[in-house]
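> The following file, target_21.cif, comprises mmCIF, C-alpha atoms:
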```
data_work
#
loop_
_atom_site.group_PDB
_atom_site.id
_atom_site.type_symbol
_atom_site.label_atom_id
_atom_site.label_comp_id
_atom_site.auth_asym_id
_atom_site.auth_seq_id
_atom_site.Cartn_x
_atom_site.Cartn_y
_atom_site.Cartn_z
ATOM 1 C CA MET B 1 -8.497 -29.668 11.696
ATOM 2 C CA GLU B 2 -6.154 -28.754 8.841
ATOM 3 C CA ASN B 3 -4.762 -25.250 8.448
ATOM 4 C CA LEU B 4 -6.099 -24.109 11.820
ATOM 5 C CA HIS B 5 -3.438 -21.409 12.102
ATOM 6 C CA GLN B 6 -4.327 -20.010 8.666
ATOM 7 C CA HIS B 7 -8.065 -19.997 9.417
ATOM 8 C CA ILE B 8 -7.596 -18.104 12.669
ATOM 9 C CA GLU B 9 -5.134 -15.718 11.024
ATOM 10 C CA ALA B 10 -7.692 -15.006 8.302
ATOM 11 C CA LEU B 11 -10.441 -14.335 10.849
ATOM 12 C CA VAL B 12 -8.358 -11.796 12.748
ATOM 13 C CA PHE B 13 -7.102 -10.196 9.531
ATOM 14 C CA SER B 14 -10.620 -9.763 8.128
ATOM 15 C CA SER B 15 -12.021 -8.057 11.220
ATOM 16 C CA GLU B 16 -11.972 -4.281 11.700
ATOM 17 C CA THR B 17 -12.153 -4.744 15.477
ATOM 18 C CA ALA B 18 -10.380 -6.951 18.004
ATOM 19 C CA VAL B 19 -11.434 -10.614 17.871
ATOM 20 C CA THR B 20 -11.735 -12.539 21.140
ATOM 21 C CA LYS B 21 -10.877 -16.181 21.692
ATOM 22 C CA ALA B 22 -14.577 -16.839 22.332
ATOM 23 C CA ASP B 23 -15.432 -15.268 18.953
ATOM 24 C CA ILE B 24 -12.969 -17.542 17.192
ATOM 25 C CA VAL B 25 -14.221 -20.676 18.961
ATOM 26 C CA GLN B 26 -17.822 -19.866 18.075
ATOM 27 C CA VAL B 27 -17.072 -19.121 14.409
ATOM 28 C CA MET B 28 -14.843 -22.117 13.829
ATOM 29 C CA ASN B 29 -17.188 -24.606 15.482
ATOM 30 C CA LYS B 30 -20.062 -23.233 13.406
ATOM 31 C CA ALA B 31 -18.110 -23.092 10.145
ATOM 32 C CA PHE B 32 -16.785 -26.628 10.535
ATOM 33 C CA PRO B 33 -19.448 -28.867 12.113
ATOM 34 C CA GLY B 34 -17.937 -31.742 14.016
ATOM 35 C CA THR B 35 -14.869 -29.728 14.932
ATOM 36 C CA VAL B 36 -14.589 -28.995 18.621
ATOM 37 C CA LEU B 37 -12.252 -26.172 19.577
ATOM 38 C CA ASP B 38 -11.818 -24.594 22.977
ATOM 39 C CA GLU B 39 -10.236 -21.329 24.032
ATOM 40 C CA GLN B 40 -7.079 -23.056 25.232
ATOM 41 C CA ILE B 41 -6.347 -24.409 21.748
ATOM 42 C CA VAL B 42 -7.173 -21.056 20.173
ATOM 43 C CA GLU B 43 -4.914 -19.212 22.625
ATOM 44 C CA SER B 44 -2.048 -21.548 21.735
ATOM 45 C CA VAL B 45 -2.543 -20.802 18.030
ATOM 46 C CA LEU B 46 -2.723 -17.061 18.671
ATOM 47 C CA ASN B 47 0.513 -17.226 20.627
ATOM 48 C CA ASP B 48 2.136 -18.949 17.648
ATOM 49 C CA LEU B 49 0.832 -16.223 15.333
ATOM 50 C CA GLN B 50 2.120 -13.475 17.606
ATOM 51 C CA GLU B 51 5.555 -15.053 17.492
ATOM 52 C CA LYS B 52 5.356 -15.444 13.707
ATOM 53 C CA PHE B 53 4.550 -11.777 13.089
ATOM 54 C CA ARG B 54 7.327 -10.529 15.362
ATOM 55 C CA SER B 55 9.670 -11.361 12.515
ATOM 56 C CA ASP B 56 11.213 -8.378 10.707
ATOM 57 C CA ILE B 57 9.871 -9.635 7.380
ATOM 58 C CA PHE B 58 6.375 -8.495 8.384
ATOM 59 C CA ALA B 59 5.306 -4.845 8.549
ATOM 60 C CA PHE B 60 2.514 -5.626 11.023
ATOM 61 C CA GLU B 61 2.096 -7.541 14.270
ATOM 62 C CA LEU B 62 -0.636 -9.266 16.255
ATOM 63 C CA ARG B 63 -1.519 -7.497 19.489
ATOM 64 C CA VAL B 64 -3.897 -8.107 22.385
ATOM 65 C CA ILE B 65 -6.253 -5.143 22.811
ATOM 66 C CA GLY B 66 -9.490 -4.854 24.764
ATOM 67 C CA GLY B 67 -9.527 -8.553 25.499
ATOM 68 C CA GLY B 68 -9.183 -9.491 21.833
ATOM 69 C CA TYR B 69 -6.603 -9.821 19.077
ATOM 70 C CA GLN B 70 -6.001 -7.413 16.203
ATOM 71 C CA PHE B 71 -3.325 -6.707 13.605
ATOM 72 C CA PHE B 72 -1.440 -3.413 13.850
ATOM 73 C CA THR B 73 1.223 -1.771 11.724
ATOM 74 C CA LYS B 74 4.628 -1.816 13.407
ATOM 75 C CA ALA B 75 5.879 1.500 14.762
ATOM 76 C CA GLU B 76 8.657 1.911 12.201
ATOM 77 C CA TYR B 77 6.062 2.167 9.411
ATOM 78 C CA TYR B 78 3.747 4.696 11.087
ATOM 79 C CA ASP B 79 4.939 7.695 9.043
ATOM 80 C CA ALA B 80 4.068 6.225 5.638
ATOM 81 C CA VAL B 81 0.766 4.794 6.857
ATOM 82 C CA SER B 82 -0.301 8.072 8.489
ATOM 83 C CA VAL B 83 0.259 9.949 5.220
ATOM 84 C CA PHE B 84 -1.767 7.349 3.324
ATOM 85 C CA ILE B 85 -4.623 7.492 5.826
ATOM 86 C CA GLY B 86 -4.578 11.274 5.658
ATOM 87 C CA GLN B 87 -4.918 11.162 1.873
ATOM 88 C CA LYS B 88 -7.841 8.763 2.151
ATOM 89 C CA GLU B 89 -9.571 11.013 4.644
ATOM 90 C CA LYS B 90 -9.310 13.917 2.230
ATOM 91 C CA LYS B 91 -11.392 11.969 -0.255
ATOM 92 C CA ARG B 92 -14.309 11.546 2.116
ATOM 93 C CA LEU B 93 -16.795 14.371 1.707
ATOM 94 C CA SER B 94 -20.390 14.783 2.803
ATOM 95 C CA THR B 95 -23.123 15.437 0.247
ATOM 96 C CA ALA B 96 -23.280 19.076 1.362
ATOM 97 C CA ALA B 97 -19.535 19.499 0.932
ATOM 98 C CA LEU B 98 -19.640 17.854 -2.501
ATOM 99 C CA GLU B 99 -22.434 20.204 -3.606
ATOM 100 C CA THR B 100 -20.486 23.221 -2.389
ATOM 101 C CA LEU B 101 -17.306 21.976 -4.031
ATOM 102 C CA SER B 102 -19.156 21.473 -7.326
ATOM 103 C CA ILE B 103 -20.480 25.026 -7.233
ATOM 104 C CA ILE B 104 -17.030 26.464 -6.557
ATOM 105 C CA ALA B 105 -15.492 24.312 -9.281
ATOM 106 C CA TYR B 106 -18.018 25.357 -11.930
ATOM 107 C CA LYS B 107 -18.791 28.928 -10.836
ATOM 108 C CA GLY B 108 -15.604 30.027 -9.112
ATOM 109 C CA PRO B 109 -14.049 32.264 -8.226
ATOM 110 C CA ILE B 110 -17.149 32.761 -6.079
ATOM 111 C CA THR B 111 -18.116 34.099 -2.655
ATOM 112 C CA LYS B 112 -19.704 32.013 0.096
ATOM 113 C CA VAL B 113 -22.894 34.104 -0.115
ATOM 114 C CA GLU B 114 -23.186 33.322 -3.811
ATOM 115 C CA CYS B 115 -22.731 29.605 -3.058
ATOM 116 C CA GLU B 116 -25.509 29.833 -0.487
ATOM 117 C CA LYS B 117 -27.833 31.491 -3.029
ATOM 118 C CA ILE B 118 -27.375 28.505 -5.325
ATOM 119 C CA ARG B 119 -27.667 25.802 -2.625
ATOM 120 C CA GLY B 120 -30.348 27.622 -0.625
ATOM 121 C CA VAL B 121 -28.658 26.746 2.676
ATOM 122 C CA ASP B 122 -25.768 27.917 4.829
ATOM 123 C CA CYS B 123 -22.370 26.824 3.494
ATOM 124 C CA ASN B 124 -20.125 27.796 6.410
ATOM 125 C CA TYR B 125 -19.344 24.273 7.576
ATOM 126 C CA SER B 126 -18.843 22.915 4.058
ATOM 127 C CA VAL B 127 -16.483 25.743 3.123
ATOM 128 C CA GLU B 128 -14.463 25.200 6.308
ATOM 129 C CA LYS B 129 -14.147 21.473 5.584
ATOM 130 C CA LEU B 130 -13.120 22.058 1.979
ATOM 131 C CA LEU B 131 -10.479 24.553 3.102
ATOM 132 C CA GLU B 132 -9.258 22.066 5.705
ATOM 133 C CA LYS B 133 -8.963 19.341 3.082
ATOM 134 C CA GLU B 134 -7.161 21.775 0.756
ATOM 135 C CA LEU B 135 -9.682 21.318 -2.051
ATOM 136 C CA ILE B 136 -10.521 25.026 -2.194
ATOM 137 C CA GLU B 137 -8.571 28.149 -1.325
ATOM 138 C CA ILE B 138 -9.076 31.868 -0.815
ATOM 139 C CA CYS B 139 -8.067 33.763 -3.923
ATOM 140 C CA GLY B 140 -8.955 37.327 -2.980
ATOM 141 C CA ARG B 141 -11.781 39.696 -2.077
ATOM 142 C CA ILE B 142 -14.336 41.663 -4.084
ATOM 143 C CA GLU B 143 -13.391 45.208 -3.161
ATOM 144 C CA THR B 144 -16.491 46.830 -4.682
ATOM 145 C CA MET B 145 -19.002 44.785 -2.644
ATOM 146 C CA PRO B 146 -20.080 45.634 0.917
ATOM 147 C CA GLY B 147 -17.859 43.935 3.436
ATOM 148 C CA LYS B 148 -15.361 43.013 0.725
ATOM 149 C CA PRO B 149 -16.385 39.334 0.720
ATOM 150 C CA ILE B 150 -13.793 36.601 0.360
ATOM 151 C CA VAL B 151 -13.667 34.751 -2.936
ATOM 152 C CA TYR B 152 -12.950 31.023 -3.248
ATOM 153 C CA LYS B 153 -11.678 28.776 -6.009
ATOM 154 C CA VAL B 154 -10.590 25.151 -6.276
ATOM 155 C CA THR B 155 -6.970 24.253 -5.630
ATOM 156 C CA GLN B 156 -4.301 22.413 -7.558
ATOM 157 C CA THR B 157 -4.996 19.474 -5.222
ATOM 158 C CA PHE B 158 -8.546 19.339 -6.587
ATOM 159 C CA LEU B 159 -7.297 19.441 -10.166
ATOM 160 C CA ASP B 160 -4.691 16.761 -9.500
ATOM 161 C CA TYR B 161 -7.285 14.470 -7.886
ATOM 162 C CA PHE B 162 -9.522 14.653 -10.956
ATOM 163 C CA GLY B 163 -6.591 14.483 -13.346
ATOM 164 C CA ILE B 164 -7.316 17.777 -15.096
ATOM 165 C CA ASN B 165 -5.290 20.905 -15.744
ATOM 166 C CA SER B 166 -8.050 23.450 -15.195
ATOM 167 C CA THR B 167 -11.761 23.648 -14.415
ATOM 168 C CA THR B 168 -12.447 24.217 -18.109
ATOM 169 C CA GLU B 169 -11.824 20.488 -18.544
ATOM 170 C CA LEU B 170 -14.697 19.559 -16.215
ATOM 171 C CA PRO B 171 -17.743 17.945 -17.886
ATOM 172 C CA LYS B 172 -20.245 20.454 -19.263
ATOM 173 C CA LEU B 173 -23.199 21.026 -16.935
ATOM 174 C CA LYS B 174 -25.671 19.948 -19.603
ATOM 175 C CA ASP B 175 -23.894 16.586 -19.729
ATOM 176 C CA VAL B 176 -24.031 15.915 -15.990
ATOM 177 C CA LEU B 177 -27.280 17.538 -14.818
ATOM 178 C CA PRO B 178 -30.351 15.250 -14.625
ATOM 179 C CA GLN B 179 -32.929 16.061 -17.275
ATOM 180 C CA PRO B 180 -36.602 16.707 -16.414
ATOM 181 C CA ASP B 181 -39.349 14.454 -17.793
ATOM 182 C CA ASP B 182 -39.928 16.796 -20.719
ATOM 183 C CA ASN B 183 -36.355 16.103 -21.882
ATOM 184 C CA THR B 184 -35.319 19.725 -21.497
ATOM 185 C CA VAL B 185 -32.310 20.579 -19.444
ATOM 186 C CA GLY B 186 -33.179 22.705 -16.439
ATOM 187 C CA GLU B 187 -31.598 26.078 -16.089
ATOM 188 C CA VAL B 188 -28.620 26.434 -13.829
ATOM 189 C CA PRO B 189 -28.915 29.347 -11.398
ATOM 190 C CA GLU B 190 -26.644 32.097 -12.614
ATOM 191 C CA VAL B 191 -24.916 33.945 -9.808
ATOM 192 C CA ILE B 192 -21.786 35.039 -11.594
ATOM 193 C CA SER B 193 -21.039 34.221 -15.181
ATOM 194 C CA ASP B 194 -17.376 35.170 -15.355
ATOM 195 C CA GLN B 195 -14.499 35.805 -12.992
ATOM 196 C CA PRO B 196 -15.099 39.173 -11.323
ATOM 197 C CA SER B 197 -12.726 41.790 -12.619
ATOM 198 C CA ASP B 198 -12.613 43.624 -9.281
ATOM 199 C CA ILE B 199 -11.205 40.794 -7.154
ATOM 200 C CA SER B 200 -8.151 41.847 -5.226
ATOM 201 C CA PRO B 201 -5.659 39.139 -4.227
ATOM 202 C CA GLU B 202 -5.163 38.378 -0.543
#
```
How would this structure read if it were set down as structure tokens?


Amino acid sequence: MENLHQHIEALVFSSETAVTKADIVQVMNKAFPGTVLDEQIVESVLNDLQEKFRSDIFAFELRVIGGGYQFFTKAEYYDAVSVFIGQKEKKRLSTAALETLSIIAYKGPITKVECEKIRGVDCNYSVEKLLEKELIEICGRIETMPGKPIVYKVTQTFLDYFGINSTTELPKLKDVLPQPDDNTVGEVPEVISDQPSDISPE
């Protein structure tokens, strides 16, 4: 068949996992009725593709892994790719973490206990993840409260991601909160209204 190399290259490229020769034979014979491929022909094509991508003009190569074939970035480009992947990972947040982040963004500086009063559940894990992803930071303690609880606020990384200069540029709560059936905006739990004046920096 025409463009066999390109078809097989596209199959391997589109897969997130290693593709076996048997997979390719099955797909190609099904996609193009009347075409009869065997693993020997497919292996020959894959060998050609491996040789093609060894060239320095390509930033990736075709490797055999776990009995199948998969594209991988070449070692000399690992540093840039690892940074990019790390940035993507920072953008992935669970619903719980997003809720906690929203509270800190709108109500911060705020303590973890105050976040938990608003959410109604423990926020330990979410706070740890947000600190790890550098979306929030510790900005001090409230000296006048028992235990001198730690206070959190969003970071410059958070502001940069949303393209704003400060949290005052976030959408107003009345514009983003869902409205009840009676068309009245529900009240937002008030834990702290302003930045506490008795926060001491860390």

> Which distance in Å separates atom CA of Phe71 of chain B and atom CA of Lys30 of chain B, to one decimal?

23.5 Å

> What does the PyMOL selection byres ((chain B and resi 152) around 10) select in this file, as a PyMOL selection string?

chain B and resi 104-105+107-112+115+127+131+136-141+149-151+153-155

> For each of B:Leu46, B:Ala59, B:Val36, B:Ile8, take the minimum atom-to-atom distance to Ala75 of chain B, counting all atoms listed in the file, then give the residue where this is smallest.

B:Ala59

> With all atoms listed in the file as the atoms that count, which of B:Arg63, B:His5, B:Lys74, B:Arg54 lies nearest to Ile41 of chain B?

B:His5

> Evaluate the PyMOL selection byres ((chain B and resi 45) around 12) here and jot the selected residues down as a count of residues only.

28

> Measure the distance from atom CA of Glu134 of chain B to atom CA of Leu170 of chain B in Å and round it to one decimal.

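Value for the atom CA of Glu134 of chain B-atom CA of Leu170 of chain B distance: 18.7 Å.
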